Structures are given as C-alpha cells and as structure tokens.
Amino acid sequence: MNVGKTLFAQVMEFVPWKTFGRIIERHKGDAGVRTLGCADLFRVMAFAQFTWRESLRDIEACLAANQPKLFHMGIKGPPARSTLADALNLRDWRIYHALAQRLIARARALYAVEPSVLELDASVYALDSTTIDLCLSLFDWAPFRSTKAAVKLHTLLDLRGSIPAFIHVSDGKLHDVNVLDILPVEAGAFYVMDRGYVDFERLYAMHQAGAFFVTRAKAGMDARRVYSHAADRSNGVICDQRVMLNGFYSAQHYPEHLRRIRFKDPESGKTLVFLTNNTSLPAWTIAALYKSRWQVELFFKWIKQHLRIKRFLGTSENAVKTQIWCAVATYVLIAIVKKELQLDASLYTCLQILSVSVFEKTEVSCALQPARSQSESSDPATQLMLFEF
C-alpha cells in the first residue's frame, strides 16, 4: 500500500531512478548544478505532461499554488520560470533520450506477450514520420521551408502494444528515406512503410540483413514480370508476381527478385501495388500487413492530441528535444503502469484521470480503474443507446 503518497509519486516509482542516476553521471548532467537537477527537471516535465501545462508561467503558478504537496511528489520546491528555462537549455537532451530508451526496452518486454499482428510468429513494425511546424524566426536551427521551420519525428512503431521501438528527431529537411541508414534492423521482423521509403539500395540492405519489408510501389516503376502465381480474386488480389527491376542502377541496387502484388481494396475500390521480399505469406496477408501501417498514423495523432509536443517551452534545439523526449518517456511510463498493474483503462483514460488527480493520495491501481456505471446493472433492453459501438 502506498499510504500517504500522491498519485504522481506512485507513478514516478515506476521510473528506474538508479539507472537514471547512472545516465546522469555518465553525461555529467548535474555538474555545477545548484537547483533543479536533471531528475527534478524530468519530474517537472512529467507533471507538465500529466496536467497539460503549456507555458513556463503556467507550470510555475500551478506548482507554487500546491507548494505544501510538492514534497510528496518528490519535488523539492516550485522552480522559477527562469530557472526552468535555463534548465531546459542547459541539461543535455541525450540524458532524457537515454531514459526514454530504457523505458521503451522495459515496455516492449512487458508487451511481448501480446498477440502479434495477424498472429504472425514475428515482430511487425510500422515506419513513418510526422512533422511539427515551428516559427522560422524563433527556431532557425530547424529549417524546413523558405518561410517556416519544423522538426520531424521518425518513428518505428512496434504494433504489438503500440510502443515506439525507435525514434529519431531531426529538422524538417531530412528526407524520410535517409532514416533507413540508421534504423536498427531485426532479422525475421516485418517493416511496413509507405512508398516514400522506396530506395532499392537501402531495401536490399534490409533484405540481406534477414528482415522483410512491405511497401507500395511508386508510379511508373520499371520492372519485368518473371513469374505469376495463382491469385485468389475473391480476396481482392488481382495478381501476384515475381519481378526483376529493369533500370540500370535499380537492377544493380536490387539484383534479386521482388514480389509485386496488385490488390483492389473492396472498401474504397482503389487499386494498390505492393512490393515485398517475402515469398511465403499469402498475398492477402501482405495487403493486410500494409493496412496495419495505419496504426502509426493513429499513434502520431494520439500523441499530438494528448501530449505537449506542439507548443514548446523553449526555442533552442536542446530545449525542444528535451521536451520531446520527456513526452515520449511519459507516454511509455503510463504504458508500463497500465501493463504492470493490469489495468483495463486505456492510456487516454489514465492520462485524463491523472490530469485532475495528481495530488490525490489514493492507491494508483484503484484511481486509474474506470468506475463502473450504475447503468451496467440495469436491464439493457430498457436503456436507450446513443452510440452502438
């Protein structure tokens, strides 16, 4: 029992503080720091994420108004906004990147027991990026267009549990395909991505590493048919072929056969052409794998709506990356709490409850369980249903 501890303090107990301390020592993050060390900055940033604070003044006012409760949250005292601004600019963002990676490793181990996509005996990842627009005059270190700046979050999402296995933060000019050069490749895993990542030299390197990719072919791809497999048109598969690339450089970059599947979506009526190096799965399974890529789009939409990563508390590169990595660490931390305590509530529900009750001294496993409605015990036949889904 965590009698006397606030909900915030109980959630913070899931942070590996000893490991975090070693990370801080390795980067000498607290060298010469008098107030608001690296650990305290993370607590403050996590508080800002939980309670939807959107400015330094907002954070300062809320913490000052609850000063008697800060000790129970693990925060020594309310920091001045100038102190917080300095900390965001000076504390190395790589410290919080390392913490997020440690939490991600723990979360992926917890969610490894979840059923895989389409019940495949392999990991399935969705790769994509999202852009966060910024003001060029304030964020001149992140050029994007001639009139605006931006940062990109290149994300490899593990579809088992929707945990980001890899995130790279760059300026807006970095093309998506260049991320394949730094992407960790797992043999036997499936990497699902859109046609913006079609680069045959990089895809062949992934193929040689023993991984499988599923992507869409670009319009006008020059290839010749080598062999055609029987296609079950009842599933929407128009043709299933093995092809070789015709282009001089393309053929050198990918000298082996590719599998090309033409598929007609029964819902939209659109015809899609998929490319993959996997030759054993049925064609409709390849189409279903590509459809599962939409989960990474939903992930981006979710974090932009429920985490504070669209309005930044500082304008320097270090401040922006620190805030992003603290937000990622907060997201994964809630996913860990949900799995460790075996909660039925969604991540959205957990964050909503924490946003209004971080100072409450209630057992976290009880507070984050959605309350049962009294209407559940009544006869459903006598109830009017507004939304039947």
# chains A, B, ... in the order shown; residues from 1 in each chain; ligands from 1

call {"tool": "residues_around", "arguments": {"residues": "A:Pro115", "least_positions_apart": "6", "cutoff": "10 Å", "atoms": "only C-alpha atoms", "output": "list of chain:residue names"}}
result
A:Asp121, A:Leu159, A:Arg160, A:Gly161

call {"tool": "write_last_selection", "arguments": {"atoms": "C-alpha atoms", "output": "tab-separated table (two decimals), in the first residue's frame"}}
result
chain	number	residue	atom	x	y	z
A	121	ASP	CA	5.29	-15.57	-35.48
A	159	LEU	CA	2.49	-2.85	-33.48
A	160	ARG	CA	2.43	-5.23	-30.53
A	161	GLY	CA	1.33	-2.74	-27.87

call {"tool": "residues_around", "arguments": {"residues": "A:Arg43", "least_positions_apart": "5", "cutoff": "10 Å", "atoms": "only C-alpha atoms", "output": "compact mmCIF listing (two decimals) with N, CA, C and O atoms, in the first residue's frame"}}
result
# COMPACT_ATOMS: atom_id res chain seq x y z
N PHE A 8 0.96 11.06 -8.34
CA PHE A 8 2.15 11.41 -9.11
C PHE A 8 3.37 10.66 -8.57
O PHE A 8 4.17 10.10 -9.34
N ALA A 9 3.53 10.64 -7.24
CA ALA A 9 4.68 9.96 -6.63
C ALA A 9 4.63 8.47 -6.90
O ALA A 9 5.67 7.83 -7.13
N MET A 12 5.74 7.85 -10.44
CA MET A 12 7.18 8.06 -10.56
C MET A 12 7.99 6.90 -10.01
O MET A 12 9.17 6.75 -10.34
N LEU A 36 17.37 22.50 -9.40
CA LEU A 36 16.68 21.83 -10.49
C LEU A 36 17.64 20.97 -11.32
O LEU A 36 17.98 21.30 -12.47
N CYS A 38 18.82 17.25 -13.12
CA CYS A 38 18.22 16.52 -14.24
C CYS A 38 17.01 15.71 -13.81
O CYS A 38 16.00 15.66 -14.52
N ALA A 48 4.07 18.54 -16.07
CA ALA A 48 3.50 19.38 -17.13
C ALA A 48 2.75 18.54 -18.16
O ALA A 48 1.72 18.96 -18.68
N GLN A 49 3.26 17.34 -18.46
CA GLN A 49 2.58 16.47 -19.41
C GLN A 49 1.28 15.93 -18.83
O GLN A 49 0.25 15.91 -19.51
N MET A 73 5.48 14.73 -3.87
CA MET A 73 5.65 14.43 -5.29
C MET A 73 7.11 14.17 -5.65
O MET A 73 7.42 13.81 -6.78
N GLY A 74 8.01 14.39 -4.69
CA GLY A 74 9.42 14.22 -4.96
C GLY A 74 10.09 15.47 -5.48
O GLY A 74 11.25 15.43 -5.89
N ILE A 75 9.36 16.60 -5.49
CA ILE A 75 9.90 17.88 -5.96
C ILE A 75 10.24 18.74 -4.77
O ILE A 75 9.42 18.93 -3.86
N CYS A 326 11.06 13.87 -23.01
CA CYS A 326 10.31 13.76 -21.76
C CYS A 326 8.87 13.35 -22.05
O CYS A 326 8.28 12.55 -21.30
N THR A 330 7.12 9.92 -20.83
CA THR A 330 5.86 9.94 -20.09
C THR A 330 4.85 8.99 -20.71
O THR A 330 4.16 8.25 -20.00

call {"tool": "residues_around", "arguments": {"residues": "A:Leu103", "least_positions_apart": "2", "cutoff": "9 Å", "atoms": "only C-alpha atoms", "output": "ChimeraX atom specification"}}
result
/A:15-16,98-101,105-108,329,332-333,336

call {"tool": "closest_atom_pairs", "arguments": {"of": "stretch 105-224 of chain A", "to": "stretch 305-313 of chain A", "cutoff": "12 Å", "atoms": "only C-alpha atoms", "output": "Markdown table"}}
result
| residue | atom | partner | partner_atom | distance |
| --- | --- | --- | --- | --- |
| A:Thr130 | CA | A:Lys310 | CA | 11.5 |
| A:Thr131 | CA | A:Lys310 | CA | 9.9 |
| A:Ile132 | CA | A:Lys310 | CA | 6.5 |
| A:Asp133 | CA | A:Lys310 | CA | 7.9 |
| A:Leu134 | CA | A:Lys310 | CA | 8.6 |
| A:Cys135 | CA | A:Arg311 | CA | 10.9 |
| A:Leu138 | CA | A:Phe312 | CA | 11.1 |
| A:Phe139 | CA | A:Phe312 | CA | 10.6 |
| A:Ala150 | CA | A:Lys310 | CA | 10.5 |
| A:Val151 | CA | A:Lys310 | CA | 10.2 |
| A:Lys152 | CA | A:Ile309 | CA | 11.4 |
| A:Leu153 | CA | A:Ile309 | CA | 10.6 |

call {"tool": "write_last_selection", "arguments": {"atoms": "N, CA, C and O atoms", "output": "PDB file, in the first residue's frame"}}
result
ATOM      1  N   THR A 130       6.294  12.166 -38.677  1.00  0.00           N
ATOM      2  CA  THR A 130       5.326  13.251 -38.573  1.00  0.00           C
ATOM      3  C   THR A 130       6.090  14.550 -38.396  1.00  0.00           C
ATOM      4  O   THR A 130       7.196  14.574 -37.838  1.00  0.00           O
ATOM      5  N   THR A 131       5.508  15.626 -38.888  1.00  0.00           N
ATOM      6  CA  THR A 131       6.154  16.933 -38.869  1.00  0.00           C
ATOM      7  C   THR A 131       5.443  17.854 -37.895  1.00  0.00           C
ATOM      8  O   THR A 131       4.218  17.920 -37.872  1.00  0.00           O
ATOM      9  N   ILE A 132       6.234  18.564 -37.086  1.00  0.00           N
ATOM     10  CA  ILE A 132       5.710  19.562 -36.158  1.00  0.00           C
ATOM     11  C   ILE A 132       6.192  20.924 -36.644  1.00  0.00           C
ATOM     12  O   ILE A 132       7.390  21.206 -36.636  1.00  0.00           O
ATOM     13  N   ASP A 133       5.277  21.744 -37.092  1.00  0.00           N
ATOM     14  CA  ASP A 133       5.631  23.042 -37.657  1.00  0.00           C
ATOM     15  C   ASP A 133       6.068  24.015 -36.564  1.00  0.00           C
ATOM     16  O   ASP A 133       5.505  24.039 -35.463  1.00  0.00           O
ATOM     17  N   LEU A 134       7.076  24.831 -36.895  1.00  0.00           N
ATOM     18  CA  LEU A 134       7.622  25.819 -35.974  1.00  0.00           C
ATOM     19  C   LEU A 134       7.785  27.150 -36.699  1.00  0.00           C
ATOM     20  O   LEU A 134       7.678  27.230 -37.927  1.00  0.00           O
ATOM     21  N   CYS A 135       8.069  28.173 -35.921  1.00  0.00           N
ATOM     22  CA  CYS A 135       8.313  29.503 -36.470  1.00  0.00           C
ATOM     23  C   CYS A 135       9.791  29.630 -36.840  1.00  0.00           C
ATOM     24  O   CYS A 135      10.663  29.402 -35.998  1.00  0.00           O
ATOM     25  N   LEU A 138      12.121  31.952 -34.770  1.00  0.00           N
ATOM     26  CA  LEU A 138      12.460  31.508 -33.414  1.00  0.00           C
ATOM     27  C   LEU A 138      13.263  30.217 -33.414  1.00  0.00           C
ATOM     28  O   LEU A 138      14.118  30.013 -32.550  1.00  0.00           O
ATOM     29  N   PHE A 139      12.989  29.340 -34.378  1.00  0.00           N
ATOM     30  CA  PHE A 139      13.648  28.032 -34.425  1.00  0.00           C
ATOM     31  C   PHE A 139      14.478  27.944 -35.708  1.00  0.00           C
ATOM     32  O   PHE A 139      14.243  27.080 -36.549  1.00  0.00           O
ATOM     33  N   ALA A 150      10.600  23.382 -38.854  1.00  0.00           N
ATOM     34  CA  ALA A 150       9.864  22.202 -38.406  1.00  0.00           C
ATOM     35  C   ALA A 150      10.837  21.185 -37.838  1.00  0.00           C
ATOM     36  O   ALA A 150      12.035  21.189 -38.158  1.00  0.00           O
ATOM     37  N   VAL A 151      10.315  20.318 -36.987  1.00  0.00           N
ATOM     38  CA  VAL A 151      11.053  19.135 -36.548  1.00  0.00           C
ATOM     39  C   VAL A 151      10.255  17.911 -36.990  1.00  0.00           C
ATOM     40  O   VAL A 151       9.036  17.946 -37.087  1.00  0.00           O
ATOM     41  N   LYS A 152      10.984  16.845 -37.275  1.00  0.00           N
ATOM     42  CA  LYS A 152      10.365  15.593 -37.689  1.00  0.00           C
ATOM     43  C   LYS A 152      10.623  14.523 -36.641  1.00  0.00           C
ATOM     44  O   LYS A 152      11.728  14.413 -36.105  1.00  0.00           O
ATOM     45  N   LEU A 153       9.592  13.743 -36.377  1.00  0.00           N
ATOM     46  CA  LEU A 153       9.709  12.582 -35.513  1.00  0.00           C
ATOM     47  C   LEU A 153       9.624  11.336 -36.388  1.00  0.00           C
ATOM     48  O   LEU A 153       8.544  10.964 -36.844  1.00  0.00           O
TER      49      LEU A 153
END

call {"tool": "closest_residue", "arguments": {"among": "A:Asp194, A:Asp128, A:Glu256, A:Asp92", "to": "A:Leu272", "atoms": "only C-alpha atoms"}}
result
A:Asp194

call {"tool": "residues_around", "arguments": {"residues": "A:Tyr227", "least_positions_apart": "2", "cutoff": "8 Å", "atoms": "only C-alpha atoms", "output": "PyMOL selection string"}}
result
chain A and resi 225+229+241-243

call {"tool": "closest_residue", "arguments": {"among": "A:Tyr290, A:Asp158, A:Ile334, A:Val214", "to": "A:Gln352", "atoms": "only C-alpha atoms"}}
result
A:Ile334

call {"tool": "closest_residue", "arguments": {"among": "A:Arg91, A:Arg81, A:Lys76, A:Arg195", "to": "A:Leu127", "atoms": "only C-alpha atoms"}}
result
A:Arg195

call {"tool": "select_by_dssp", "arguments": {"residues": "stretch 132-304 of chain A", "states": "strand (DSSP E)", "output": "PyMOL selection string"}}
result
chain A and resi 132-134+149-158+163-171+190-193+212-216+223-229+237-245+258-264+271-276

call {"tool": "closest_residue", "arguments": {"among": "A:Ala209, A:Ile59, A:Thr349, A:Gly4", "to": "A:Ala46", "atoms": "only C-alpha atoms"}}
result
A:Ile59

call {"tool": "atom_distance", "arguments": {"atom1": "atom CA of A:Leu347", "atom2": "atom CA of A:Trp302"}}
result
10.0 Å

call {"tool": "closest_residue", "arguments": {"among": "A:Thr155, A:Thr271, A:Thr35, A:Asn89", "to": "A:Asn318", "atoms": "only C-alpha atoms"}}
result
A:Asn89

call {"tool": "atom_distance", "arguments": {"atom1": "atom CA of A:Ala64", "atom2": "atom CA of A:Ala80"}}
result
9.1 Å

call {"tool": "residues_around", "arguments": {"residues": "A:Leu136", "least_positions_apart": "3", "cutoff": "6 Å", "atoms": "only C-alpha atoms", "output": "compact mmCIF listing (two decimals) with C-alpha atoms, in the first residue's frame"}}
result
# COMPACT_ATOMS: atom_id res chain seq x y z
CA PHE A 139 13.65 28.03 -34.42
CA ASP A 140 16.24 28.87 -37.07
CA LYS A 148 8.92 28.13 -41.77
CA ALA A 149 10.81 25.68 -39.61

call {"tool": "residues_around", "arguments": {"residues": "A:Phe71", "least_positions_apart": "6", "cutoff": "10 Å", "atoms": "only C-alpha atoms", "output": "VMD selection string"}}
result
chain A and resid 5 to 6 9 77

call {"tool": "atom_distance", "arguments": {"atom1": "atom CA of A:Trp284", "atom2": "atom CA of A:Asp240"}}
result
9.8 Å

call {"tool": "closest_residue", "arguments": {"among": "A:Trp17, A:Tyr204, A:Trp93, A:Phe274", "to": "A:Arg216", "atoms": "only C-alpha atoms"}}
result
A:Phe274

call {"tool": "decode", "arguments": {"residues": "stretch 20-38 of chain A", "atoms": "N, CA, C and O atoms", "output": "mmCIF file, in the first residue's frame"}}
result
data_model
loop_
_atom_site.group_PDB
_atom_site.id
_atom_site.type_symbol
_atom_site.label_atom_id
_atom_site.label_comp_id
_atom_site.auth_asym_id
_atom_site.auth_seq_id
_atom_site.Cartn_x
_atom_site.Cartn_y
_atom_site.Cartn_z
ATOM 1 N N PHE A 20 18.636 5.837 -14.040
ATOM 2 C CA PHE A 20 18.612 7.239 -14.463
ATOM 3 C C PHE A 20 19.779 7.994 -13.831
ATOM 4 O O PHE A 20 20.409 8.846 -14.479
ATOM 5 N N GLY A 21 20.074 7.678 -12.557
ATOM 6 C CA GLY A 21 21.208 8.329 -11.900
ATOM 7 C C GLY A 21 22.524 8.017 -12.587
ATOM 8 O O GLY A 21 23.388 8.904 -12.732
ATOM 9 N N ARG A 22 22.690 6.771 -13.026
ATOM 10 C CA ARG A 22 23.918 6.412 -13.747
ATOM 11 C C ARG A 22 23.995 7.119 -15.096
ATOM 12 O O ARG A 22 25.085 7.512 -15.544
ATOM 13 N N ILE A 23 22.851 7.279 -15.737
ATOM 14 C CA ILE A 23 22.827 8.015 -17.015
ATOM 15 C C ILE A 23 23.253 9.462 -16.788
ATOM 16 O O ILE A 23 24.044 10.031 -17.567
ATOM 17 N N ILE A 24 22.751 10.084 -15.719
ATOM 18 C CA ILE A 24 23.108 11.470 -15.416
ATOM 19 C C ILE A 24 24.597 11.591 -15.130
ATOM 20 O O ILE A 24 25.275 12.523 -15.593
ATOM 21 N N GLU A 25 25.138 10.624 -14.376
ATOM 22 C CA GLU A 25 26.574 10.656 -14.066
ATOM 23 C C GLU A 25 27.410 10.474 -15.322
ATOM 24 O O GLU A 25 28.456 11.114 -15.484
ATOM 25 N N ARG A 26 26.958 9.602 -16.213
ATOM 26 C CA ARG A 26 27.721 9.358 -17.446
ATOM 27 C C ARG A 26 27.809 10.610 -18.301
ATOM 28 O O ARG A 26 28.838 10.879 -18.930
ATOM 29 N N HIS A 27 26.732 11.381 -18.334
ATOM 30 C CA HIS A 27 26.714 12.618 -19.126
ATOM 31 C C HIS A 27 27.117 13.845 -18.304
ATOM 32 O O HIS A 27 27.118 14.960 -18.843
ATOM 33 N N LYS A 28 27.449 13.646 -17.030
ATOM 34 C CA LYS A 28 27.809 14.747 -16.124
ATOM 35 C C LYS A 28 26.731 15.835 -16.159
ATOM 36 O O LYS A 28 27.011 17.032 -16.232
ATOM 37 N N GLY A 29 25.470 15.368 -16.080
ATOM 38 C CA GLY A 29 24.349 16.286 -16.214
ATOM 39 C C GLY A 29 24.169 17.236 -15.052
ATOM 40 O O GLY A 29 23.670 18.350 -15.243
ATOM 41 N N ASP A 30 24.563 16.812 -13.852
ATOM 42 C CA ASP A 30 24.379 17.659 -12.666
ATOM 43 C C ASP A 30 25.659 18.366 -12.244
ATOM 44 O O ASP A 30 25.713 18.924 -11.138
ATOM 45 N N ALA A 31 26.675 18.359 -13.082
ATOM 46 C CA ALA A 31 27.934 19.030 -12.742
ATOM 47 C C ALA A 31 27.722 20.538 -12.672
ATOM 48 O O ALA A 31 27.280 21.165 -13.641
ATOM 49 N N GLY A 32 27.984 21.118 -11.523
ATOM 50 C CA GLY A 32 27.841 22.558 -11.339
ATOM 51 C C GLY A 32 26.412 23.037 -11.191
ATOM 52 O O GLY A 32 26.166 24.251 -11.197
ATOM 53 N N VAL A 33 25.463 22.116 -11.033
ATOM 54 C CA VAL A 33 24.048 22.490 -10.913
ATOM 55 C C VAL A 33 23.714 22.733 -9.452
ATOM 56 O O VAL A 33 23.985 21.892 -8.597
ATOM 57 N N ARG A 34 23.092 23.875 -9.165
ATOM 58 C CA ARG A 34 22.698 24.202 -7.800
ATOM 59 C C ARG A 34 21.229 23.882 -7.547
ATOM 60 O O ARG A 34 20.864 23.377 -6.495
ATOM 61 N N THR A 35 20.389 24.225 -8.472
ATOM 62 C CA THR A 35 18.952 23.976 -8.328
ATOM 63 C C THR A 35 18.410 23.309 -9.582
ATOM 64 O O THR A 35 18.940 23.514 -10.680
ATOM 65 N N LEU A 36 17.375 22.502 -9.403
ATOM 66 C CA LEU A 36 16.677 21.831 -10.494
ATOM 67 C C LEU A 36 17.641 20.973 -11.317
ATOM 68 O O LEU A 36 17.981 21.301 -12.467
ATOM 69 N N GLY A 37 18.080 19.885 -10.698
ATOM 70 C CA GLY A 37 18.922 18.938 -11.399
ATOM 71 C C GLY A 37 18.154 18.181 -12.477
ATOM 72 O O GLY A 37 16.967 18.408 -12.712
ATOM 73 N N CYS A 38 18.821 17.249 -13.120
ATOM 74 C CA CYS A 38 18.224 16.523 -14.241
ATOM 75 C C CYS A 38 17.008 15.708 -13.815
ATOM 76 O O CYS A 38 15.999 15.661 -14.525
#
